[in-house]
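A.B. asks: Have a peek at start_37.cif (mmCIF, C-alpha atoms).
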```
data_protein
#
loop_
_atom_site.group_PDB
_atom_site.id
_atom_site.type_symbol
_atom_site.label_atom_id
_atom_site.label_comp_id
_atom_site.auth_asym_id
_atom_site.auth_seq_id
_atom_site.Cartn_x
_atom_site.Cartn_y
_atom_site.Cartn_z
ATOM 1 C CA MET A 1 4.571 -11.012 -11.083
ATOM 2 C CA PRO A 2 0.987 -9.957 -11.611
ATOM 3 C CA GLN A 3 0.114 -7.249 -14.101
ATOM 4 C CA PHE A 4 -2.939 -5.072 -13.440
ATOM 5 C CA PRO A 5 -4.506 -2.545 -15.768
ATOM 6 C CA GLY A 6 -2.219 0.416 -15.068
ATOM 7 C CA SER A 7 0.833 -1.402 -13.748
ATOM 8 C CA CYS A 8 3.913 0.329 -15.132
ATOM 9 C CA ASP A 9 6.887 -0.967 -13.194
ATOM 10 C CA GLU A 10 6.468 -4.653 -13.929
ATOM 11 C CA VAL A 11 9.122 -4.638 -16.638
ATOM 12 C CA ASP A 12 11.795 -3.232 -14.335
ATOM 13 C CA ALA A 13 10.661 -5.723 -11.711
ATOM 14 C CA LEU A 14 11.020 -8.550 -14.235
ATOM 15 C CA LEU A 15 14.536 -7.370 -15.078
ATOM 16 C CA ALA A 16 15.410 -7.116 -11.391
ATOM 17 C CA ALA A 17 14.065 -10.578 -10.632
ATOM 18 C CA GLY A 18 15.945 -11.832 -13.696
ATOM 19 C CA HIS A 19 19.187 -11.155 -11.808
ATOM 20 C CA VAL A 20 18.413 -14.073 -9.505
ATOM 21 C CA GLY A 21 16.248 -16.389 -11.607
ATOM 22 C CA ASP A 22 13.617 -16.631 -14.295
ATOM 23 C CA ALA A 23 10.692 -14.237 -14.095
ATOM 24 C CA GLU A 24 7.384 -13.996 -15.921
ATOM 25 C CA LEU A 25 4.223 -11.931 -15.861
ATOM 26 C CA LEU A 26 0.923 -13.198 -14.445
ATOM 27 C CA TRP A 27 -2.222 -11.624 -15.859
ATOM 28 C CA HIS A 28 -4.561 -10.084 -13.284
ATOM 29 C CA ARG A 29 -7.510 -12.245 -14.379
ATOM 30 C CA ASP A 30 -5.588 -15.494 -13.992
ATOM 31 C CA ARG A 31 -5.760 -17.608 -10.871
ATOM 32 C CA ASP A 32 -2.887 -19.810 -12.013
ATOM 33 C CA LEU A 33 0.448 -18.753 -10.550
ATOM 34 C CA LYS A 34 2.262 -21.144 -12.933
ATOM 35 C CA GLY A 35 4.216 -22.778 -10.124
ATOM 36 C CA VAL A 36 6.392 -19.742 -9.336
ATOM 37 C CA ASP A 37 8.669 -19.748 -6.262
ATOM 38 C CA ALA A 38 8.037 -16.111 -5.390
ATOM 39 C CA VAL A 39 5.681 -13.297 -6.344
ATOM 40 C CA VAL A 40 6.428 -9.583 -6.784
ATOM 41 C CA VAL A 41 3.396 -7.289 -6.853
ATOM 42 C CA PRO A 42 4.706 -4.378 -8.914
ATOM 43 C CA GLY A 43 4.277 -0.654 -8.673
ATOM 44 C CA GLY A 44 2.616 1.853 -10.915
ATOM 45 C CA PHE A 45 -1.132 2.067 -10.716
ATOM 46 C CA SER A 46 -3.967 -0.452 -10.741
ATOM 47 C CA TYR A 47 -7.529 -0.222 -12.015
ATOM 48 C CA GLY A 48 -7.302 3.570 -11.924
ATOM 49 C CA ASP A 49 -6.908 3.255 -8.145
ATOM 50 C CA TYR A 50 -10.559 4.164 -7.804
ATOM 51 C CA LEU A 51 -11.799 4.479 -4.211
ATOM 52 C CA ARG A 52 -8.351 4.102 -2.667
ATOM 53 C CA ALA A 53 -5.008 3.066 -4.117
ATOM 54 C CA GLY A 54 -4.982 -0.703 -4.547
ATOM 55 C CA ALA A 55 -8.582 -1.216 -3.386
ATOM 56 C CA ILE A 56 -9.889 -2.843 -6.555
ATOM 57 C CA ALA A 57 -6.694 -4.718 -7.438
ATOM 58 C CA GLY A 58 -6.819 -6.318 -3.985
ATOM 59 C CA LEU A 59 -9.980 -8.142 -5.115
ATOM 60 C CA SER A 60 -8.716 -9.392 -8.484
ATOM 61 C CA PRO A 61 -8.546 -13.143 -9.253
ATOM 62 C CA VAL A 62 -4.766 -13.211 -9.289
ATOM 63 C CA MET A 63 -4.715 -11.663 -5.805
ATOM 64 C CA ASP A 64 -6.877 -14.534 -4.529
ATOM 65 C CA ALA A 65 -4.253 -16.937 -5.738
ATOM 66 C CA ILE A 66 -1.443 -14.787 -4.339
ATOM 67 C CA ALA A 67 -3.189 -14.647 -0.958
ATOM 68 C CA ASP A 68 -3.327 -18.464 -0.881
ATOM 69 C CA PHE A 69 0.319 -18.607 -1.950
ATOM 70 C CA ALA A 70 1.239 -16.187 0.854
ATOM 71 C CA ARG A 71 -0.753 -18.117 3.456
ATOM 72 C CA ASP A 72 1.185 -21.232 2.462
ATOM 73 C CA GLY A 73 4.407 -19.361 3.225
ATOM 74 C CA GLY A 74 5.333 -18.354 -0.336
ATOM 75 C CA PRO A 75 7.537 -15.235 -0.560
ATOM 76 C CA VAL A 76 5.594 -12.174 -1.757
ATOM 77 C CA LEU A 77 7.029 -8.676 -2.230
ATOM 78 C CA GLY A 78 4.813 -5.636 -2.772
ATOM 79 C CA ILE A 79 6.444 -2.529 -4.190
ATOM 80 C CA CYS A 80 4.761 0.889 -4.006
ATOM 81 C CA ASN A 81 1.293 0.336 -5.515
ATOM 82 C CA GLY A 82 1.938 -3.361 -4.867
ATOM 83 C CA PHE A 83 2.427 -2.525 -1.173
ATOM 84 C CA GLN A 84 -0.875 -0.635 -1.247
ATOM 85 C CA VAL A 85 -2.544 -3.636 -2.913
ATOM 86 C CA LEU A 86 -1.201 -6.063 -0.278
ATOM 87 C CA CYS A 87 -2.411 -3.783 2.532
ATOM 88 C CA ALA A 88 -5.810 -3.460 0.845
ATOM 89 C CA ALA A 89 -5.958 -7.253 0.519
ATOM 90 C CA GLY A 90 -5.238 -7.636 4.225
ATOM 91 C CA LEU A 91 -1.934 -9.428 3.662
ATOM 92 C CA LEU A 92 0.096 -6.670 5.319
ATOM 93 C CA PRO A 93 -0.702 -4.487 8.340
ATOM 94 C CA GLY A 94 -1.585 -0.806 8.105
ATOM 95 C CA ALA A 95 -2.697 1.501 5.322
ATOM 96 C CA LEU A 96 -1.053 4.000 2.962
ATOM 97 C CA LEU A 97 -2.406 7.530 2.935
ATOM 98 C CA GLN A 98 -1.726 10.598 0.859
ATOM 99 C CA ASN A 99 1.688 12.123 1.579
ATOM 100 C CA ALA A 100 1.474 14.630 4.415
ATOM 101 C CA ASP A 101 2.611 17.501 2.191
ATOM 102 C CA ARG A 102 0.269 16.361 -0.675
ATOM 103 C CA ARG A 103 3.122 16.332 -3.179
ATOM 104 C CA PHE A 104 4.069 13.602 -5.570
ATOM 105 C CA VAL A 105 7.668 12.926 -4.674
ATOM 106 C CA SER A 106 10.280 11.277 -6.872
ATOM 107 C CA ARG A 107 13.726 11.062 -5.339
ATOM 108 C CA GLN A 108 16.476 8.774 -4.184
ATOM 109 C CA VAL A 109 15.953 7.876 -0.522
ATOM 110 C CA GLN A 110 18.079 6.184 2.117
ATOM 111 C CA LEU A 111 16.399 3.174 3.645
ATOM 112 C CA SER A 112 17.571 1.430 6.747
ATOM 113 C CA VAL A 113 17.093 -2.340 6.965
ATOM 114 C CA GLU A 114 15.452 -2.906 10.340
ATOM 115 C CA THR A 115 15.326 -6.692 10.292
ATOM 116 C CA THR A 116 16.963 -9.424 8.244
ATOM 117 C CA GLU A 117 14.473 -11.994 9.486
ATOM 118 C CA THR A 118 12.279 -11.935 6.380
ATOM 119 C CA ASP A 119 12.335 -13.776 3.064
ATOM 120 C CA TRP A 120 13.234 -10.518 1.318
ATOM 121 C CA THR A 121 15.984 -9.143 3.582
ATOM 122 C CA ALA A 122 17.835 -12.315 4.586
ATOM 123 C CA ALA A 123 20.857 -11.332 2.470
ATOM 124 C CA ALA A 124 21.078 -7.824 3.971
ATOM 125 C CA THR A 125 22.588 -6.810 7.289
ATOM 126 C CA GLU A 126 20.648 -5.143 10.054
ATOM 127 C CA GLY A 127 21.083 -1.379 9.952
ATOM 128 C CA GLN A 128 22.382 -1.512 6.366
ATOM 129 C CA LEU A 129 21.517 1.630 4.418
ATOM 130 C CA LEU A 130 20.070 1.144 0.940
ATOM 131 C CA SER A 131 19.936 3.928 -1.635
ATOM 132 C CA ILE A 132 16.697 3.366 -3.532
ATOM 133 C CA PRO A 133 14.356 5.643 -5.493
ATOM 134 C CA ALA A 134 10.851 6.445 -4.255
ATOM 135 C CA LYS A 135 8.088 7.960 -6.397
ATOM 136 C CA HIS A 136 4.615 8.203 -5.017
ATOM 137 C CA GLN A 137 1.906 10.488 -3.746
ATOM 138 C CA SER A 138 0.176 8.088 -1.346
ATOM 139 C CA GLY A 139 2.928 6.480 0.661
ATOM 140 C CA ARG A 140 2.270 7.682 4.192
ATOM 141 C CA TRP A 141 2.125 4.466 6.151
ATOM 142 C CA TRP A 142 -0.261 4.605 9.061
ATOM 143 C CA ALA A 143 -1.771 2.213 11.569
ATOM 144 C CA PRO A 144 -3.831 2.701 14.715
ATOM 145 C CA SER A 145 -1.651 2.860 17.842
ATOM 146 C CA GLU A 146 -2.465 -0.680 19.062
ATOM 147 C CA LEU A 147 -1.615 -2.193 15.670
ATOM 148 C CA HIS A 148 1.514 -0.074 15.389
ATOM 149 C CA ALA A 149 2.666 -1.190 18.856
ATOM 150 C CA GLU A 150 1.933 -4.802 17.967
ATOM 151 C CA ILE A 151 3.927 -4.859 14.747
ATOM 152 C CA ALA A 152 6.814 -2.915 16.323
ATOM 153 C CA ASP A 153 6.817 -5.466 19.133
ATOM 154 C CA GLN A 154 6.780 -8.384 16.671
ATOM 155 C CA ASP A 155 9.705 -6.886 14.723
ATOM 156 C CA GLN A 156 7.506 -6.501 11.637
ATOM 157 C CA ILE A 157 8.924 -3.106 10.645
ATOM 158 C CA VAL A 158 11.323 -4.116 7.870
ATOM 159 C CA PHE A 159 12.471 -0.755 6.482
ATOM 160 C CA ARG A 160 12.586 2.756 7.887
ATOM 161 C CA TYR A 161 13.469 6.001 6.136
ATOM 162 C CA ALA A 162 16.936 6.920 7.426
ATOM 163 C CA ALA A 163 17.123 9.784 9.928
ATOM 164 C CA GLY A 164 15.666 12.958 8.445
ATOM 165 C CA GLY A 165 14.517 11.155 5.304
ATOM 166 C CA ASN A 166 10.853 10.601 6.128
ATOM 167 C CA PHE A 167 9.490 12.803 3.341
ATOM 168 C CA ASN A 168 5.918 11.513 3.287
ATOM 169 C CA GLY A 169 4.987 11.696 6.959
ATOM 170 C CA SER A 170 4.840 7.937 7.589
ATOM 171 C CA LEU A 171 4.171 6.952 11.167
ATOM 172 C CA ASP A 172 7.401 6.026 12.979
ATOM 173 C CA ASP A 173 9.415 6.552 9.730
ATOM 174 C CA VAL A 174 8.061 3.225 8.445
ATOM 175 C CA ALA A 175 8.904 2.563 4.788
ATOM 176 C CA GLY A 176 8.148 -1.172 4.732
ATOM 177 C CA VAL A 177 6.586 -3.893 6.850
ATOM 178 C CA CYS A 178 6.104 -7.659 6.806
ATOM 179 C CA ASN A 179 3.371 -10.066 7.834
ATOM 180 C CA GLU A 180 3.525 -12.318 10.887
ATOM 181 C CA GLY A 181 4.865 -15.167 8.778
ATOM 182 C CA ARG A 182 7.682 -12.858 7.565
ATOM 183 C CA ASN A 183 7.284 -14.147 3.994
ATOM 184 C CA VAL A 184 5.227 -11.161 2.780
ATOM 185 C CA VAL A 185 7.041 -7.809 2.645
ATOM 186 C CA GLY A 186 5.844 -4.476 1.285
ATOM 187 C CA LEU A 187 7.675 -1.191 0.843
ATOM 188 C CA MET A 188 7.011 2.115 -0.877
ATOM 189 C CA PRO A 189 10.440 2.775 -2.470
ATOM 190 C CA HIS A 190 11.399 0.822 -5.580
ATOM 191 C CA PRO A 191 14.244 -1.710 -5.191
ATOM 192 C CA GLU A 192 13.610 -2.887 -8.770
ATOM 193 C CA HIS A 193 14.790 0.521 -10.038
ATOM 194 C CA ALA A 194 18.094 0.124 -8.182
ATOM 195 C CA VAL A 195 19.656 -2.967 -9.713
ATOM 196 C CA ASP A 196 22.023 -1.486 -12.289
ATOM 197 C CA ALA A 197 24.999 0.827 -11.775
ATOM 198 C CA LEU A 198 23.799 2.754 -14.832
ATOM 199 C CA THR A 199 20.946 4.197 -12.780
ATOM 200 C CA GLY A 200 23.148 5.028 -9.821
ATOM 201 C CA SER A 201 22.594 2.259 -7.323
ATOM 202 C CA THR A 202 22.462 -1.522 -7.145
ATOM 203 C CA ASP A 203 21.277 -1.554 -3.543
ATOM 204 C CA GLY A 204 17.870 -2.937 -4.500
ATOM 205 C CA LEU A 205 19.360 -6.247 -5.597
ATOM 206 C CA VAL A 206 19.777 -7.438 -2.033
ATOM 207 C CA LEU A 207 16.010 -7.976 -1.744
ATOM 208 C CA PHE A 208 15.975 -10.259 -4.761
ATOM 209 C CA ARG A 209 19.191 -12.002 -3.686
ATOM 210 C CA SER A 210 17.596 -12.704 -0.329
ATOM 211 C CA LEU A 211 15.306 -15.187 -2.060
ATOM 212 C CA LEU A 212 18.345 -17.324 -2.839
ATOM 213 C CA GLN A 213 19.122 -17.708 0.872
ATOM 214 C CA GLY A 214 16.209 -20.133 0.932
ATOM 215 C CA ALA A 215 14.933 -20.959 4.381
ATOM 216 C CA ARG A 216 15.611 -18.220 6.869
ATOM 217 C CA ALA A 217 17.830 -18.909 9.860
ATOM 218 C CA MET B 1 -35.404 -0.288 -4.706
ATOM 219 C CA PRO B 2 -33.973 1.444 -1.632
ATOM 220 C CA HIS B 3 -31.755 4.382 -2.466
ATOM 221 C CA VAL B 4 -28.642 4.311 -0.324
ATOM 222 C CA ARG B 5 -26.257 7.150 0.400
ATOM 223 C CA ILE B 6 -22.936 6.386 2.051
ATOM 224 C CA LEU B 7 -20.771 9.061 3.627
ATOM 225 C CA ILE B 8 -17.158 8.034 4.064
ATOM 226 C CA ARG B 9 -14.805 10.113 6.181
ATOM 227 C CA PRO B 10 -11.193 9.908 7.285
ATOM 228 C CA LYS B 11 -11.167 8.782 10.910
ATOM 229 C CA ALA B 12 -10.743 11.443 13.561
ATOM 230 C CA GLY B 13 -7.102 12.039 14.351
ATOM 231 C CA ILE B 14 -5.810 11.028 10.922
ATOM 232 C CA LEU B 15 -4.141 13.840 9.010
ATOM 233 C CA ASP B 16 -6.244 14.752 5.963
ATOM 234 C CA PRO B 17 -3.940 16.576 3.516
ATOM 235 C CA GLN B 18 -6.809 17.435 1.138
ATOM 236 C CA GLY B 19 -8.693 19.127 3.950
ATOM 237 C CA THR B 20 -5.549 20.977 4.947
ATOM 238 C CA ALA B 21 -5.048 22.212 1.367
ATOM 239 C CA VAL B 22 -8.597 23.555 1.177
ATOM 240 C CA GLU B 23 -8.355 25.131 4.595
ATOM 241 C CA GLN B 24 -5.176 26.934 3.578
ATOM 242 C CA ALA B 25 -6.755 28.166 0.328
ATOM 243 C CA LEU B 26 -9.842 29.729 1.878
ATOM 244 C CA PRO B 27 -8.224 32.810 3.447
ATOM 245 C CA GLN B 28 -6.901 33.751 -0.007
ATOM 246 C CA LEU B 29 -10.530 34.040 -1.105
ATOM 247 C CA GLY B 30 -11.369 36.173 1.890
ATOM 248 C CA PHE B 31 -13.060 33.433 3.907
ATOM 249 C CA GLU B 32 -11.559 33.752 7.362
ATOM 250 C CA GLY B 33 -12.443 31.662 10.358
ATOM 251 C CA VAL B 34 -12.888 28.282 8.655
ATOM 252 C CA SER B 35 -11.133 25.442 10.433
ATOM 253 C CA ASP B 36 -11.008 21.658 10.728
ATOM 254 C CA VAL B 37 -11.789 21.005 7.043
ATOM 255 C CA ARG B 38 -12.068 17.263 6.412
ATOM 256 C CA ILE B 39 -12.745 15.729 3.008
ATOM 257 C CA GLY B 40 -14.371 12.354 2.468
ATOM 258 C CA ARG B 41 -16.407 10.638 -0.240
ATOM 259 C CA LEU B 42 -20.073 10.303 -1.053
ATOM 260 C CA VAL B 43 -21.272 7.078 -2.667
ATOM 261 C CA GLU B 44 -24.860 6.723 -3.875
ATOM 262 C CA LEU B 45 -26.356 3.440 -5.023
ATOM 263 C CA ASP B 46 -29.598 1.520 -5.287
ATOM 264 C CA ALA B 47 -29.495 -1.773 -3.396
ATOM 265 C CA ALA B 48 -32.043 -4.563 -3.599
ATOM 266 C CA ASP B 49 -31.046 -5.515 -0.062
ATOM 267 C CA ALA B 50 -29.990 -2.453 1.932
ATOM 268 C CA SER B 51 -28.908 -4.663 4.824
ATOM 269 C CA GLU B 52 -25.913 -5.727 2.725
ATOM 270 C CA VAL B 53 -24.545 -2.211 2.443
ATOM 271 C CA ALA B 54 -22.524 -2.328 5.668
ATOM 272 C CA ALA B 55 -20.716 -5.418 4.378
ATOM 273 C CA ILE B 56 -20.153 -3.668 1.028
ATOM 274 C CA CYS B 57 -18.596 -0.755 2.907
ATOM 275 C CA ASP B 58 -16.361 -2.986 5.030
ATOM 276 C CA LYS B 59 -15.153 -5.021 2.075
ATOM 277 C CA LEU B 60 -14.762 -2.391 -0.601
ATOM 278 C CA LEU B 61 -16.104 1.127 -0.296
ATOM 279 C CA ALA B 62 -14.273 2.057 2.887
ATOM 280 C CA ASN B 63 -11.091 0.950 4.599
ATOM 281 C CA PRO B 64 -12.309 0.451 8.188
ATOM 282 C CA LEU B 65 -8.762 0.929 9.458
ATOM 283 C CA ILE B 66 -8.635 4.555 8.337
ATOM 284 C CA GLU B 67 -12.204 5.562 7.462
ATOM 285 C CA ASP B 68 -15.595 5.782 9.158
ATOM 286 C CA TYR B 69 -18.780 5.507 7.174
ATOM 287 C CA GLU B 70 -22.397 6.436 7.669
ATOM 288 C CA ILE B 71 -25.257 4.806 5.761
ATOM 289 C CA GLN B 72 -28.503 6.572 4.884
ATOM 290 C CA VAL B 73 -31.349 4.577 3.350
ATOM 291 C CA ASP B 74 -34.020 6.643 1.610
ATOM 292 C CA GLY B 75 -32.769 9.691 3.475
ATOM 293 C CA ALA B 76 -32.785 8.179 6.984
ATOM 294 C CA ALA B 77 -29.589 7.345 8.826
ATOM 295 C CA VAL B 78 -29.079 3.725 9.819
ATOM 296 C CA ALA B 79 -26.438 2.391 12.162
ATOM 297 C CA GLY B 80 -23.114 1.958 10.316
#
```
Represent the structure contained in this file as structure tokens.
C.D. replies:
Amino acid sequence: MPQFPGSCDEVDALLAAGHVGDAELLWHRDRDLKGVDAVVVPGGFSYGDYLRAGAIAGLSPVMDAIADFARDGGPVLGICNGFQVLCAAGLLPGALLQNADRRFVSRQVQLSVETTETDWTAAATEGQLLSIPAKHQSGRWWAPSELHAEIADQDQIVFRYAAGGNFNGSLDDVAGVCNEGRNVVGLMPHPEHAVDALTGSTDGLVLFRSLLQGARA
Amino acid sequence: MPHVRILIRPKAGILDPQGTAVEQALPQLGFEGVSDVRIGRLVELDAADASEVAAICDKLLANPLIEDYEIQVDGAAVAG
């Protein structure tokens, strides 16, 4: 799990990943991924998010290594700012814009799992509703109509906000998408904050458990 | 060294919440009749090789998926 200047959710992500295996931090200047089996790009902020959220982090040395890892089929999950970073790095389709109503929103949202054919949703069931917190100001997923049609057609929309729950104005209610190889997934809400009953929901664990399914069917 | 000015704008058709916020604030100040407010960014830099600026925009300064940019070198527009 890479740590950028300004990351703030990497500790929760470490704890969440710790439910299914050993997890460690990777420094943003390092190219060495230390032989990990999966990478989580955490949320928070990165490099002040100058220009656009995730723009500078997308160019950092560790992201080079993560891009190679992803191209070789390694599982990569981007959460919130991590999703923005993966989009900025060209590993995931689309872009994340300022919420339509301009507000920073922090609330529990209902996510619907749209496909289980990814490295990060293999342990879920299609249509399953996950209760997971979201907290962001730039989470409005958008893509030009041709790209949107293409990824919808290729079943690359992984999560949607449940009916009536699209609070940020995302195109087609999209909350998370995957790459063509289905090993890279990004989403705006935070599954790593929903792994302990103490905080109200353990629904986020299913993403991390999915890694244990190994090769997808 | 050529002085380069880059104007970056949200693409037409993409909702610009900042522009909307400003547009909604103006009538409160008595400015009626202002519409279609769009907010972008201005980047100024000196470049030894101004022909590289388009690549700089594509790779970093702008996100070509959601933004258009316009490059001016020493005050004259060049094709983006």
A.B. asks: Counting all atoms listed in the file, which residue out of A:Leu211, A:Val185, A:Leu51, A:Ile79 sits closest to Met1 (chain A)?
C.D. replies: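 Closest to Met1 (chain A), using all atoms listed in the file: A:Ile79.
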A.B. asks: Residues picked by the PyMOL selection byres ((chain B and resi 37) around 10) here, as a VMD selection string?
C.D. replies: chain B and resid 16 to 24 34 to 36 38 to 39
A.B. asks: Taking only C-alpha atoms into account and nothing else, which residues of chain B lie no more than 10 Å away from chain A? Please answer as a list in words.
C.D. replies: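 Putting it all together, I get Gly13, Ile14, Leu15, Asp16, Pro17, Gln18, Thr20, Ala21, Arg41, Val43, Lys59, Leu60, Leu61, Ala62, Asn63, Leu65 and Ile66 of chain B.
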A.B. asks: Kindly give the distance, in Å, that separates CA of Asp119 (chain A) and CA of Gly21 (chain A), rounded to a single decimal.
C.D. replies: 15.4 Å
A.B. asks: Could you work out how far CA of Pro2 (chain A) lies from CA of Cys178 (chain A), giving the answer in Å with one decimal?
C.D. replies: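 Computing it gives 19.3 Å between the two atoms.
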A.B. asks: Quick one: everything within 8 Å of Leu7 (chain B), counting only C-alpha atoms, minus sequence neighbours fewer than 2 positions away in the same chain. Send it as a list of chain:residue names.
C.D. replies: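 Once the nearby chain positions are removed, what remains is B:Arg5, B:Arg9, B:Gly40, B:Arg41, B:Leu42, B:Val43, B:Tyr69, B:Glu70, B:Ile71.
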A.B. asks: Go ahead and save the residues from that selection, with C-alpha atoms, as a JSON list (two decimals), in the frame of the given file.
C.D. replies:
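Output below, filename part-v6.json:
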```json
[["chain", "number", "residue", "atom", "x", "y", "z"],
["B", 5, "ARG", "CA", -26.26, 7.15, 0.40],
["B", 9, "ARG", "CA", -14.80, 10.11, 6.18],
["B", 40, "GLY", "CA", -14.37, 12.35, 2.47],
["B", 41, "ARG", "CA", -16.41, 10.64, -0.24],
["B", 42, "LEU", "CA", -20.07, 10.30, -1.05],
["B", 43, "VAL", "CA", -21.27, 7.08, -2.67],
["B", 69, "TYR", "CA", -18.78, 5.51, 7.17],
["B", 70, "GLU", "CA", -22.40, 6.44, 7.67],
["B", 71, "ILE", "CA", -25.26, 4.81, 5.76]]
```
A.B. asks: Starting from the shown file, work through the PyMOL selection byres ((chain A and resi 160) around 10) and note down what comes out as a list in words.
C.D. replies: Gln110, Leu111, Ser112, Val113, Glu114, Gly127, Leu129, Ile157, Val158, Phe159, Tyr161, Ala162, Ala163, Gly165, Asn166, Ser170, Leu171, Asp172, Asp173, Val174, Ala175, Gly176, Val177 and Leu187 of chain A
A.B. asks: Return as a list in words the set of residues that the PyMOL selection byres ((chain B and resi 47) around 10) yields on the displayed structure.
C.D. replies: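 Listing what the PyMOL selection byres ((chain B and resi 47) around 10) selects in the shown file: Met1, Pro2, His3, Val4, Glu44, Leu45, Asp46, Ala48, Asp49, Ala50, Ser51, Glu52, Val53 and Val73 of chain B.
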A.B. asks: Enter the distance from CA of Ala70 (chain A) to CA of Leu91 (chain A), in Å, rounded to one decimal.
C.D. replies: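 Atom-to-atom, CA of Ala70 (chain A) to CA of Leu91 (chain A), that is 8.0 Å.
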A.B. asks: Using all atoms of region 119-122 of chain A listed in the file and a margin of 6 Å per side, can you give the axis-aligned box centre and edge lengths in Å to one decimal, as AutoDock Vina command-line options?
C.D. replies:
```
--center_x 15.1 --center_y -11.5 --center_z 3.0 --size_x 17.5 --size_y 16.6 --size_z 15.3
```
A.B. asks: Check the smallest atom-to-atom distance from each of B:Ala55, B:Ile8, B:Ala25, B:Gly33 to Asp68 (chain B) using only C-alpha atoms, then report the winner.
C.D. replies: B:Ile8
A.B. asks: Quick one: residues within 9 Å of Met188 (chain A), all atoms listed in the file counted, chain neighbours fewer than 3 positions away excluded, as a list in words?
C.D. replies: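 My list of contacting residues is Gly43, Gly78, Ile79, Cys80, Asn81, Gly82, Phe83, Gln84, Ala134, Lys135, His136, Gly139, Arg140, Trp141, Ala175 and Gly176 of chain A.
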A.B. asks: For Val184 (chain A), which residue among A:Phe104, A:Phe167, A:Phe69, A:Phe208 is the nearest when counting all atoms listed in the file?
C.D. replies: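 Looking at the shortest contact to Val184 (chain A), the residue is A:Phe69.
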A.B. asks: Pick out the closest residue to Pro61 (chain A) from this set: A:Leu33, A:Leu207, A:Val20, A:Val40. Count all atoms listed in the file.
C.D. replies: A:Leu33
A.B. asks: Find the residues near region 22-26 of chain A: any atom within 9 Å, counting all atoms listed in the file, skip ones fewer than 5 places away on the same chain, and give them as a list in words.
C.D. replies: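 Here the qualifying residues turn out to be Met1, Pro2, Gln3, Glu10, Val11, Ala13, Leu14, Leu15, Ala16, Ala17, Arg31, Asp32, Leu33, Lys34, Val36 and Val62 of chain A.
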A.B. asks: From the options A:Pro75, A:Gly35, A:Gly18, A:Pro5, which residue's atoms come nearest to Gln213 (chain A), counting only C-alpha atoms?
C.D. replies: A:Pro75
